Amino acid sequence: MTLSTNEKKMIGYSNLSDKEILDIDNIYGARHYRRLKTIVRKTEGAWLYTQDGRKILDCLAAYSAANAGHHHPKIVAALVKALREGYGSVISNVVYTDVLSLFLKRVSELVPQLGLRFGNNGNKALPKNGGVESVETAVKLARYYGYKKGIPDGKQEIIVFDKNFHGRMITTISFSTTNKYKEGFGPLTPGFKSAPYGDLEATKKLVNENTCGILVEPQQGEGGMYIPPAGFLAGLRELCDKHDMLLLFDEIQVGLGRTGKAFCLEHENVIPDAVTLGKAIAGGLVPVSVMVTNKKLMDDTFSPGKDGSTFGGYPLACVAGLAAIDVMEEENLVQRSAETGKVLLEKIKDIASRSKAVKEVRGRGLFIGIEVKDGDAMKYCEQLLELDMLANDSYGHTIRISPPLIINDEEVDYICERLEKVLVG
């Protein structure tokens with residue numbers, strides 16, 4: 001979609017040309033992403049804007065970070081107010097802030113009671129800056145639990161799953177099954193065993209006297225947009241209860257309405273002992289993440305000195321988080337994701353039925369994957385971008401469709417018109 005001549009104007013932070021921006025990035029930036037040569041200068045709602053007048057529908061939402069849409073006015077207003085009134089700056093964790101306490105309460109009560117076998121104690125949340133940090137916090141939780149129940153320190157093991165994605169810090173890449181994430185970065189962190197995603201019997205075979213937990217995505221994102229087979233998550237819960245292990249759910253990409261439920265765990269009503277949340281929890285405007293668990297588990301694991309983060313849960317992030325949760329609830333984003341996602345999924349399945357390129361369509365809510373037969377999803381994503389629609393591949397073979405949860409009927413039609421052109425012709 002191209003803006004009219006009268007609508008064209010310089011937008012964004014600078015007046016530098018696209019070529020100048022690319023030249024600067026090539027000189028000073030790491031080449032750690034395969035980027036498409038499109039420079040976004042402004043965002044609003046579900047749309048991205050470029051300097052040359054293009055208007056692009058965002059069907060990626062920064063991997064679920066922008067669930068509420070870009071620059072949601074209520075979240076922006078809350079941040080501006082905090083900065084103007086002087087309660088947005090980082091403050092040493094040696095003192096308390098009211099906004100952090102209120103954020104922790106809101107998040108802890110938003111999540112269903114976790115760790116049911118440890119009692120109906122309520123939840124507690126430990127804040128960090130990004131999802132990967134909260135995943136590593138969950139790893140610490142499980143390892144300490146294993147240590148306290150008698151596993152020798154350094155021998156604790158956690159079961160993970162093939163094609164997992166939990167971030168790219170040393171510990172998380174250590175248990176990735178994608179070699180390019182970890183090759184050359186050794187020595188890697190030991191203590192992890194991987195089973196095929198969805199294979200409960202293979203998982204059972206990995207349990208031994210040193211297993212302290214299972215870490216799983218209740219629906220895979222980067223691994224190919226896979227929904228686990230019915231009963232798999234319940235089977236993991238039973239396995240953890242039987243062997244006194246912790247069950248950890250990574251909901252960073254699939255929580256907070258993305259799959260048509262407030263939390264992905266609600267699809268099968270399987271309650272883990274801890275969950276990690278990030279990205280969408282602050283509306284995509286300020287980095288923040290949390291690890292939430294049963295109060296008893298949190299208090300037994302984390303005493304002074306056991307963890308810490310200067311910016312984890314700092315006031316401005318908490319302001320954004322509180323406003324983003326308000327938006328999710330007040331604008332019924334969970335229900336909108338379920339209803340709009342159902343319509344979009346059916347329309348995509350209809351397109352796939354007439355396409356020679358599509359192998360399978362799978363998804364829930366506004367988290368939909370289109371697996372292509374030739375295994376080269378990025379080829380189709382590049383074609384979609386030429387039609388002013390941003391999507392990305394998942395595990396190489398699947399087109400990922402995950403727009404902001406605020407999209408309307410016209411934008412659903414916009415998506416389908418472009419998928420029709422690219423996948424059917």
# chains A, B, ... in the order shown; residues from 1 in each chain; ligands from 1
>>> residues_around(residues="A:Thr293", least_positions_apart="5", cutoff="6 Å", atoms="only C-alpha atoms", output="tab-separated table (two decimals) with C-alpha atoms, in the first residue's frame")
chain	number	residue	atom	x	y	z
A	114	LEU	CA	0.98	-22.50	39.86
A	123	ASN	CA	2.09	-16.83	43.06
A	124	LYS	CA	5.18	-14.66	43.12
A	273	ASP	CA	5.04	-25.14	38.49
A	274	ALA	CA	6.42	-22.02	36.82
>>> closest_residue(among="A:Leu344, A:Val139, A:Ile399, A:Leu246", to="A:Lys359", atoms="only C-alpha atoms")
A:Ile399
>>> closest_residue(among="A:Val290, A:Cys416, A:Leu405, A:Leu385", to="A:Asp350", atoms="only C-alpha atoms")
A:Cys416
>>> residues_around(residues="stretch 88-98 of chain A", least_positions_apart="3", cutoff="8 Å", atoms="only C-alpha atoms", output="PyMOL selection string")
chain A and resi 79+82-83+101-102+310-311+314-316+319
>>> residues_around(residues="stretch 231-240 of chain A", least_positions_apart="2", cutoff="9 Å", atoms="only C-alpha atoms", output="JSON list (two decimals) with C-alpha atoms, in the first residue's frame")
[["chain", "number", "residue", "atom", "x", "y", "z"],
["A", 198, "GLY", "CA", 5.29, -34.25, 21.59],
["A", 199, "ASP", "CA", 6.83, -37.67, 22.28],
["A", 200, "LEU", "CA", 5.87, -38.57, 25.83],
["A", 203, "THR", "CA", 10.57, -38.17, 27.43],
["A", 204, "LYS", "CA", 9.93, -40.83, 30.05],
["A", 207, "VAL", "CA", 14.15, -39.42, 33.40],
["A", 212, "CYS", "CA", 14.92, -32.10, 38.41],
["A", 213, "GLY", "CA", 12.61, -30.56, 35.81],
["A", 214, "ILE", "CA", 11.07, -30.39, 32.36],
["A", 216, "VAL", "CA", 8.70, -26.95, 27.44],
["A", 218, "PRO", "CA", 3.19, -25.34, 25.40],
["A", 228, "PRO", "CA", 1.57, -30.50, 20.93],
["A", 229, "PRO", "CA", -0.50, -33.67, 20.52],
["A", 242, "LYS", "CA", 5.47, -38.99, 39.85],
["A", 243, "HIS", "CA", 9.19, -38.24, 39.97],
["A", 244, "ASP", "CA", 9.06, -35.04, 42.08],
["A", 245, "MET", "CA", 10.28, -32.72, 39.32],
["A", 246, "LEU", "CA", 9.27, -29.19, 38.34],
["A", 247, "LEU", "CA", 7.32, -28.52, 35.15],
["A", 265, "LEU", "CA", -1.63, -23.66, 29.20],
["A", 268, "GLU", "CA", -5.48, -28.28, 28.00],
["A", 269, "ASN", "CA", -5.80, -26.81, 31.49],
["A", 270, "VAL", "CA", -2.43, -28.22, 32.49],
["A", 271, "ILE", "CA", -0.92, -26.22, 35.36],
["A", 272, "PRO", "CA", 2.88, -26.06, 35.51]]
>>> select_by_dssp(residues="stretch 142-375 of chain A", states="strand (DSSP E or B)", output="PyMOL selection string")
chain A and resi 157-161+192-195+211-216+246-250+274-277+289-294+358-364+367-372
>>> residues_around(residues="A:Lys373", least_positions_apart="2", cutoff="7 Å", atoms="only C-alpha atoms", output="MDAnalysis selection string")
chainID A and resid 357:359 371 375
>>> select_by_dssp(residues="stretch 234-372 of chain A", states="helix (DSSP H, G or I)", output="PyMOL selection string")
chain A and resi 234-243+264-267+279-282+295-301+315-330+333-353
>>> closest_residue(among="A:His70, A:His267, A:Arg362, A:Arg168", to="A:Tyr49", atoms="only C-alpha atoms")
A:His70
>>> residues_around(residues="A:Ile407", least_positions_apart="5", cutoff="12 Å", atoms="only C-alpha atoms", output="PyMOL selection string")
chain A and resi 44-47+57-59+61+66-70+333+336-341+343-344+366+402+412-415
>>> write_last_selection(atoms="N, CA and C atoms", output="PDB file, in the first residue's frame")
ATOM      1  N   GLU A  44       2.459   2.145  13.927  1.00  0.00           N
ATOM      2  CA  GLU A  44       1.194   2.533  14.557  1.00  0.00           C
ATOM      3  C   GLU A  44       0.184   1.415  14.367  1.00  0.00           C
ATOM      4  N   GLY A  45      -0.391   0.961  15.469  1.00  0.00           N
ATOM      5  CA  GLY A  45      -1.374  -0.120  15.383  1.00  0.00           C
ATOM      6  C   GLY A  45      -0.742  -1.374  14.804  1.00  0.00           C
ATOM      7  N   ALA A  46      -1.297  -1.864  13.716  1.00  0.00           N
ATOM      8  CA  ALA A  46      -0.769  -3.062  13.067  1.00  0.00           C
ATOM      9  C   ALA A  46       0.095  -2.725  11.854  1.00  0.00           C
ATOM     10  N   TRP A  47       0.490  -1.454  11.722  1.00  0.00           N
ATOM     11  CA  TRP A  47       1.137  -0.999  10.490  1.00  0.00           C
ATOM     12  C   TRP A  47       2.545  -0.459  10.721  1.00  0.00           C
ATOM     13  N   LEU A  57       1.644  -4.043   6.466  1.00  0.00           N
ATOM     14  CA  LEU A  57       0.928  -4.701   7.562  1.00  0.00           C
ATOM     15  C   LEU A  57       1.884  -5.644   8.292  1.00  0.00           C
ATOM     16  N   ASP A  58       1.995  -5.462   9.580  1.00  0.00           N
ATOM     17  CA  ASP A  58       2.905  -6.256  10.397  1.00  0.00           C
ATOM     18  C   ASP A  58       2.233  -7.562  10.804  1.00  0.00           C
ATOM     19  N   CYS A  59       2.671  -8.665  10.212  1.00  0.00           N
ATOM     20  CA  CYS A  59       2.134  -9.988  10.555  1.00  0.00           C
ATOM     21  C   CYS A  59       3.147 -10.805  11.341  1.00  0.00           C
ATOM     22  N   ALA A  61       4.576  -8.971  14.462  1.00  0.00           N
ATOM     23  CA  ALA A  61       4.393  -8.363  15.793  1.00  0.00           C
ATOM     24  C   ALA A  61       5.612  -8.587  16.685  1.00  0.00           C
ATOM     25  N   ALA A  66       4.368  -7.166  20.216  1.00  0.00           N
ATOM     26  CA  ALA A  66       3.421  -6.074  19.963  1.00  0.00           C
ATOM     27  C   ALA A  66       1.990  -6.594  19.895  1.00  0.00           C
ATOM     28  N   ASN A  67       1.601  -7.410  20.860  1.00  0.00           N
ATOM     29  CA  ASN A  67       0.235  -7.956  20.875  1.00  0.00           C
ATOM     30  C   ASN A  67      -0.820  -6.858  20.869  1.00  0.00           C
ATOM     31  N   ALA A  68      -0.558  -5.774  21.602  1.00  0.00           N
ATOM     32  CA  ALA A  68      -1.527  -4.681  21.712  1.00  0.00           C
ATOM     33  C   ALA A  68      -1.435  -3.702  20.553  1.00  0.00           C
ATOM     34  N   GLY A  69      -0.596  -4.002  19.584  1.00  0.00           N
ATOM     35  CA  GLY A  69      -0.370  -3.077  18.489  1.00  0.00           C
ATOM     36  C   GLY A  69       0.746  -2.108  18.840  1.00  0.00           C
ATOM     37  N   HIS A  70       1.326  -1.506  17.818  1.00  0.00           N
ATOM     38  CA  HIS A  70       2.444  -0.592  18.038  1.00  0.00           C
ATOM     39  C   HIS A  70       1.965   0.748  18.591  1.00  0.00           C
ATOM     40  N   LEU A 333      -8.543  -8.457  24.307  1.00  0.00           N
ATOM     41  CA  LEU A 333      -7.614  -8.935  23.283  1.00  0.00           C
ATOM     42  C   LEU A 333      -7.562 -10.461  23.206  1.00  0.00           C
ATOM     43  N   ARG A 336     -10.619 -11.387  21.223  1.00  0.00           N
ATOM     44  CA  ARG A 336     -10.418 -10.946  19.841  1.00  0.00           C
ATOM     45  C   ARG A 336      -9.442 -11.861  19.114  1.00  0.00           C
ATOM     46  N   SER A 337      -8.400 -12.287  19.801  1.00  0.00           N
ATOM     47  CA  SER A 337      -7.441 -13.216  19.209  1.00  0.00           C
ATOM     48  C   SER A 337      -8.115 -14.532  18.840  1.00  0.00           C
ATOM     49  N   ALA A 338      -8.962 -15.041  19.756  1.00  0.00           N
ATOM     50  CA  ALA A 338      -9.653 -16.308  19.502  1.00  0.00           C
ATOM     51  C   ALA A 338     -10.598 -16.190  18.311  1.00  0.00           C
ATOM     52  N   GLU A 339     -11.397 -15.122  18.306  1.00  0.00           N
ATOM     53  CA  GLU A 339     -12.414 -14.977  17.264  1.00  0.00           C
ATOM     54  C   GLU A 339     -11.810 -14.618  15.915  1.00  0.00           C
ATOM     55  N   THR A 340     -10.924 -13.634  15.904  1.00  0.00           N
ATOM     56  CA  THR A 340     -10.286 -13.240  14.641  1.00  0.00           C
ATOM     57  C   THR A 340      -9.396 -14.347  14.125  1.00  0.00           C
ATOM     58  N   GLY A 341      -8.704 -15.015  15.050  1.00  0.00           N
ATOM     59  CA  GLY A 341      -7.829 -16.108  14.649  1.00  0.00           C
ATOM     60  C   GLY A 341      -8.578 -17.256  14.020  1.00  0.00           C
ATOM     61  N   VAL A 343     -11.361 -17.065  12.280  1.00  0.00           N
ATOM     62  CA  VAL A 343     -11.733 -16.647  10.924  1.00  0.00           C
ATOM     63  C   VAL A 343     -10.525 -16.699  10.000  1.00  0.00           C
ATOM     64  N   LEU A 344      -9.402 -16.150  10.487  1.00  0.00           N
ATOM     65  CA  LEU A 344      -8.197 -16.121   9.656  1.00  0.00           C
ATOM     66  C   LEU A 344      -7.701 -17.529   9.348  1.00  0.00           C
ATOM     67  N   LEU A 366      -4.195 -16.092  17.012  1.00  0.00           N
ATOM     68  CA  LEU A 366      -3.442 -15.397  15.963  1.00  0.00           C
ATOM     69  C   LEU A 366      -1.983 -15.833  15.982  1.00  0.00           C
ATOM     70  N   SER A 402       1.565 -13.987  12.637  1.00  0.00           N
ATOM     71  CA  SER A 402       1.240 -13.650  14.032  1.00  0.00           C
ATOM     72  C   SER A 402       1.128 -12.132  14.179  1.00  0.00           C
ATOM     73  N   VAL A 412      -7.641  -8.658   8.100  1.00  0.00           N
ATOM     74  CA  VAL A 412      -7.686 -10.101   7.824  1.00  0.00           C
ATOM     75  C   VAL A 412      -7.797 -10.327   6.320  1.00  0.00           C
ATOM     76  N   ASP A 413      -8.675  -9.596   5.662  1.00  0.00           N
ATOM     77  CA  ASP A 413      -8.821  -9.715   4.212  1.00  0.00           C
ATOM     78  C   ASP A 413      -7.537  -9.308   3.491  1.00  0.00           C
ATOM     79  N   TYR A 414      -6.878  -8.298   4.012  1.00  0.00           N
ATOM     80  CA  TYR A 414      -5.600  -7.830   3.445  1.00  0.00           C
ATOM     81  C   TYR A 414      -4.578  -8.972   3.469  1.00  0.00           C
ATOM     82  N   ILE A 415      -4.491  -9.646   4.608  1.00  0.00           N
ATOM     83  CA  ILE A 415      -3.565 -10.779   4.742  1.00  0.00           C
ATOM     84  C   ILE A 415      -3.907 -11.868   3.728  1.00  0.00           C
TER      85      ILE A 415
END
>>> atom_distance(atom1="atom CA of A:Leu141", atom2="atom CA of A:Gly308")
13.7 Å
>>> closest_residue(among="A:Asn120, A:Ser14, A:Gln113, A:Thr301", to="A:Ile39", atoms="only C-alpha atoms")
A:Ser14
